[in-house]
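Worksheet for the structure shown next.
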Amino acid sequence: MTGVTTTRSLDVMSAASDLLSLEEKRRLGAKSNLTGALLVLHAWVLILGSMAIFAWWPNPFTFLLGAMVVGGRQLGLAILMHDAAHGLLFADRRLNDWVGSWFCAYPVFTSLTLYRPYHLQHHRFTQQAGDPDLGLSAPFPISRTSLRRKIVRDLTGQTAYLRRGDQIRRALGPADAPVAVRLGRFWQREKGSLLVNAAMLIACSAAGYWWLYPVLWLLPLATWYQFISRIRNIAEHAVVPDNDDPLRNTRTTYANPLVRLLMAPYWVNYHLEHHLFMFVPCWRLPEAHRLLLAGGRRHAMEIKPGYLAVLKAATSAPIDATRGGRSGTAQHI
């Protein structure tokens with residue numbers, strides 16, 4: 001089975017490489033230290049700016065807007081870490097991994113080192129049995145009731161609580177190991193995230209606003225970030241028309257400026273182009289999309305006009321399988 005899947009992944013890569021000319025590949029694949037730095041800076045300016053506005057003018061509107069903008073940029077940091085996992089955020093590999101870890105991954109309690117092999121396996125076996133992300137798309141379509149329950153769990157912090165609990169248990173290791181061993185293992189796996197987040201709390205405290213860290217960092221991370229991460233996962237691979245066609249087993253979803261600000265940062269919505277051309281930095285994906293359209297491939301591509309259209313397709317199951325219905329798969333977080 002592994003040999004068959006490996007052959008398929010090579011065929012997909014070969015087919016995708018034929019969609020662009022050599023000159024187009026060279027242009028699209030060019031990386032930039034300056035652009036990578038500006039993208040990371042952009043994310044943090046929006047985060048710090050949202051915090052500053054709420055601290056200066058605290059009210060329900062600036063809180064809700066700040067939480068959504070910060071949560072959107074937290075996903076943005078994860079997206080930039082994702083580019084770093086492909087070696088695309090910076091042209092310099094050491095800089096790519098250092099910034100990708102300390103300024104993108106660790107702030108949102110993620111590890112670039114652990115994420116990279118997992119994610120590359122997803123690319124190698126997209127929508128196949130060996131895809132570690134298959135569980136994110138396999139249960140769909142679901143009912144609208146099921147999706148509403150998931151969204152409520154996301155926005156009330158229940159999803160974050162469960163996921164962070166699982167992450168902590170994995171970091172601690174076997175429960176029967178000595179306490180000192182478990183704590184040492186936890187520190188080795190989580191020290192980057194702990195140090196960065198401690199530095200953020202200290203910085204907020206030094207500015208006289210210690211409460212900004214829990215209110216406009218941890219809270220958005222536990223709520224809005226979870227919600228838009230779910231929408232992103234659904235949009236990328238759920239209810240795609242053909243799991244074996246590289247132009248149709250992954251989806252691109254069009255997004256307007258407001259959606260890009262709050263839900264789909266740094267061109268994450270061009271997921272089909274990313275899967276076809278893994279060598280292309282995120283900021284060049286719109287150009288890759290235009291080249292595919294110019295090449296007359298629009299009819300062969302899986303594209304949705306917006307995230308509402310994706311959710312409509314993803315919630316087309318008439319039976320709520322998670323509450324005793326006959327169809328569907330076990331409920332996911």
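Each chain in the structure tokens gets a letter, A, B, ..., in the order shown, and its residues are numbered from 1; ligands are numbered from 1 in order too.
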
Which of stretch 51-171 of chain A end up as alpha helix (DSSP H) when DSSP is run on this backbone - answer as an mmCIF file with C-alpha atoms, in the first residue's frame?
data_model
loop_
_atom_site.group_PDB
_atom_site.id
_atom_site.type_symbol
_atom_site.label_atom_id
_atom_site.label_comp_id
_atom_site.auth_asym_id
_atom_site.auth_seq_id
_atom_site.Cartn_x
_atom_site.Cartn_y
_atom_site.Cartn_z
ATOM 1 C CA MET A 51 -4.189 45.750 22.148
ATOM 2 C CA ALA A 52 -3.222 49.432 22.236
ATOM 3 C CA ILE A 53 -6.606 50.563 20.913
ATOM 4 C CA PHE A 54 -8.468 48.537 23.535
ATOM 5 C CA ALA A 55 -6.175 49.766 26.321
ATOM 6 C CA TRP A 56 -6.678 53.382 25.177
ATOM 7 C CA PRO A 60 -17.330 46.190 24.141
ATOM 8 C CA PHE A 61 -16.781 47.167 20.498
ATOM 9 C CA THR A 62 -13.001 47.598 20.726
ATOM 10 C CA PHE A 63 -12.812 44.383 22.742
ATOM 11 C CA LEU A 64 -14.759 42.289 20.216
ATOM 12 C CA LEU A 65 -12.957 43.818 17.267
ATOM 13 C CA GLY A 66 -9.608 43.424 19.004
ATOM 14 C CA ALA A 67 -10.282 39.802 19.902
ATOM 15 C CA MET A 68 -11.232 38.983 16.299
ATOM 16 C CA VAL A 69 -8.269 40.826 14.802
ATOM 17 C CA VAL A 70 -5.834 39.279 17.289
ATOM 18 C CA GLY A 71 -7.337 35.818 16.784
ATOM 19 C CA GLY A 72 -7.073 36.308 13.032
ATOM 20 C CA ARG A 73 -3.409 37.263 13.343
ATOM 21 C CA GLN A 74 -2.774 34.330 15.668
ATOM 22 C CA LEU A 75 -3.950 32.158 12.803
ATOM 23 C CA GLY A 76 -1.764 34.357 10.613
ATOM 24 C CA LEU A 77 1.278 33.478 12.730
ATOM 25 C CA ALA A 78 0.373 29.802 12.325
ATOM 26 C CA ILE A 79 0.151 30.326 8.556
ATOM 27 C CA LEU A 80 3.546 32.005 8.487
ATOM 28 C CA MET A 81 4.916 29.125 10.569
ATOM 29 C CA HIS A 82 3.414 26.839 7.935
ATOM 30 C CA ASP A 83 5.372 28.683 5.250
ATOM 31 C CA ALA A 84 8.479 28.311 7.406
ATOM 32 C CA ALA A 85 7.803 24.569 7.627
ATOM 33 C CA ARG A 93 17.209 28.638 6.102
ATOM 34 C CA ARG A 94 18.533 29.453 9.569
ATOM 35 C CA LEU A 95 16.583 32.703 9.660
ATOM 36 C CA ASN A 96 13.531 30.884 8.306
ATOM 37 C CA ASP A 97 13.533 28.339 11.132
ATOM 38 C CA TRP A 98 14.488 30.791 13.888
ATOM 39 C CA VAL A 99 11.838 33.395 13.086
ATOM 40 C CA LEU A 112 7.772 24.170 14.031
ATOM 41 C CA THR A 113 10.051 21.162 14.583
ATOM 42 C CA LEU A 114 7.133 18.863 15.395
ATOM 43 C CA TYR A 115 4.803 20.369 12.809
ATOM 44 C CA ARG A 116 7.104 20.061 9.779
ATOM 45 C CA PRO A 117 7.257 16.242 9.335
ATOM 46 C CA TYR A 118 3.574 15.892 10.176
ATOM 47 C CA HIS A 119 2.578 18.495 7.618
ATOM 48 C CA LEU A 120 4.826 17.200 4.860
ATOM 49 C CA GLN A 121 3.206 13.798 5.299
ATOM 50 C CA HIS A 122 -0.151 15.495 4.727
ATOM 51 C CA HIS A 123 1.146 16.837 1.418
ATOM 52 C CA ARG A 124 2.577 13.494 0.393
ATOM 53 C CA LEU A 134 -7.755 12.930 6.900
ATOM 54 C CA GLY A 135 -9.774 12.911 10.127
ATOM 55 C CA LEU A 136 -10.398 16.642 9.686
ATOM 56 C CA SER A 137 -12.254 16.161 6.408
ATOM 57 C CA ARG A 144 -26.075 22.114 10.613
ATOM 58 C CA THR A 145 -26.905 21.175 14.182
ATOM 59 C CA SER A 146 -23.606 19.351 14.519
ATOM 60 C CA LEU A 147 -21.677 22.328 13.153
ATOM 61 C CA ARG A 148 -23.477 24.696 15.531
ATOM 62 C CA ARG A 149 -22.416 22.552 18.480
ATOM 63 C CA LYS A 150 -18.817 22.599 17.284
ATOM 64 C CA ILE A 151 -18.860 26.374 16.862
ATOM 65 C CA VAL A 152 -20.300 26.844 20.352
ATOM 66 C CA ARG A 153 -17.485 24.691 21.767
ATOM 67 C CA ASP A 154 -14.936 26.737 19.830
ATOM 68 C CA LEU A 155 -16.214 30.134 20.918
ATOM 69 C CA GLN A 158 -14.098 24.113 25.265
ATOM 70 C CA THR A 159 -12.185 23.099 22.131
ATOM 71 C CA ALA A 160 -9.054 24.916 23.298
ATOM 72 C CA TYR A 161 -9.310 23.302 26.738
ATOM 73 C CA LEU A 162 -9.484 19.805 25.236
ATOM 74 C CA ARG A 163 -6.732 20.397 22.697
ATOM 75 C CA ARG A 164 -4.372 22.050 25.156
ATOM 76 C CA GLY A 165 -5.020 19.254 27.641
ATOM 77 C CA ASP A 166 -4.081 16.670 25.013
ATOM 78 C CA GLN A 167 -0.980 18.670 24.131
ATOM 79 C CA ILE A 168 0.129 18.839 27.774
ATOM 80 C CA ARG A 169 -0.431 15.115 28.284
ATOM 81 C CA ARG A 170 1.625 14.298 25.186
ATOM 82 C CA ALA A 171 4.397 16.614 26.367
#

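Of the residues under consideration (A:Ser32, A:Ser316, A:Ser111, A:Thr253), A:Ser111 shows the shortest atom-to-atom contact distance to A:Leu194 when counting only C-alpha atoms.
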
Figure out the distance between atom CA of A:Leu41 and atom CA of A:Gly100, please, to one decimal in Å. 12.2 Å

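For the pair atom CA of A:Glu24 and atom CA of A:His42, the interatomic distance is 27.2 Å.
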
What is the distance between atom CA of A:Pro141 and atom CA of A:Ala314, in Å to one decimal? 4.5 Å

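Distances from A:Leu291, A:Leu201, A:Leu38, A:Leu172 to A:Tyr266 were compared using only C-alpha atoms, and the smallest one belongs to A:Leu38.
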
Determine, counting only C-alpha atoms, which protein, DNA and RNA residues have an atom within 12 Å of an atom of A:Leu195; residues of the same chain fewer than 6 positions away are not included. Present the result as an NGL selection string. :A and (101-103 or 106-109 or 187-189 or 201-202)

So that I can see what lies close to A:Ala30, please list as a list in words the residues with an atom at most 12 Å from it, counting only C-alpha atoms and leaving out residues fewer than 5 positions away in the same chain. Glu23, Glu24, Lys25, Thr35, Gly36, Gly87, Leu88, Leu89, Phe90, Ala91, Asp92, Phe279, Val280, Pro281, Cys282, Trp283, Arg284 and Leu285 of chain A

Deliver the residues from the most recent selection as a file, using N, CA and C atoms, as a compact mmCIF listing (two decimals), in the first residue's frame.
# COMPACT_ATOMS: atom_id res chain seq x y z
N GLU A 23 10.05 29.20 -16.51
CA GLU A 23 10.23 30.59 -16.11
C GLU A 23 9.23 30.97 -15.03
N GLU A 24 7.98 30.49 -15.15
CA GLU A 24 6.96 30.78 -14.13
C GLU A 24 7.31 30.13 -12.80
N LYS A 25 7.83 28.92 -12.85
CA LYS A 25 8.24 28.24 -11.62
C LYS A 25 9.35 29.01 -10.92
N THR A 35 10.47 40.32 2.34
CA THR A 35 9.02 40.08 2.38
C THR A 35 8.64 39.22 3.57
N GLY A 36 9.44 38.22 3.88
CA GLY A 36 9.15 37.39 5.05
C GLY A 36 9.15 38.20 6.32
N GLY A 87 10.07 25.95 4.34
CA GLY A 87 11.29 26.67 4.01
C GLY A 87 11.05 27.85 3.10
N LEU A 88 9.87 28.48 3.19
CA LEU A 88 9.48 29.52 2.25
C LEU A 88 9.39 30.91 2.87
N LEU A 89 9.43 31.01 4.19
CA LEU A 89 9.23 32.30 4.83
C LEU A 89 10.41 33.23 4.61
N PHE A 90 11.62 32.67 4.67
CA PHE A 90 12.85 33.42 4.41
C PHE A 90 13.73 32.62 3.46
N ALA A 91 14.51 33.33 2.68
CA ALA A 91 15.45 32.66 1.78
C ALA A 91 16.57 31.98 2.56
N ASP A 92 16.96 32.59 3.67
CA ASP A 92 17.99 32.03 4.53
C ASP A 92 17.37 30.97 5.44
N PHE A 279 6.42 24.86 -3.57
CA PHE A 279 7.63 25.68 -3.58
C PHE A 279 7.32 27.18 -3.64
N VAL A 280 6.05 27.54 -3.66
CA VAL A 280 5.65 28.93 -3.84
C VAL A 280 5.34 29.56 -2.48
N PRO A 281 6.00 30.66 -2.10
CA PRO A 281 5.68 31.35 -0.84
C PRO A 281 4.23 31.83 -0.85
N CYS A 282 3.64 31.99 0.34
CA CYS A 282 2.22 32.32 0.43
C CYS A 282 1.86 33.59 -0.30
N TRP A 283 2.75 34.58 -0.31
CA TRP A 283 2.42 35.87 -0.91
C TRP A 283 2.43 35.83 -2.44
N ARG A 284 2.89 34.72 -3.02
CA ARG A 284 2.85 34.57 -4.48
C ARG A 284 1.72 33.64 -4.94
N LEU A 285 0.95 33.10 -4.01
CA LEU A 285 -0.14 32.18 -4.39
C LEU A 285 -1.22 32.84 -5.24

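Closest approach to A:Leu311 among A:Leu258, A:Ala177, A:Ile142, A:Leu292 is made by A:Ile142 (distances from only C-alpha atoms).
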
For A:Pro305, please output as a ChimeraX atom specification all residues within 9 Å (counting only C-alpha atoms; exclusion window: fewer than 6 positions along the same chain). /A:252-255

Take the residues from that selection and write them out as a JSON list (two decimals), in the first residue's frame, keeping C-alpha atoms.
[["chain", "number", "residue", "atom", "x", "y", "z"],
["A", 252, "THR", "CA", -9.41, 27.46, -3.03],
["A", 253, "THR", "CA", -12.00, 29.75, -1.44],
["A", 254, "TYR", "CA", -12.36, 33.37, -2.48],
["A", 255, "ALA", "CA", -12.23, 35.86, 0.38]]
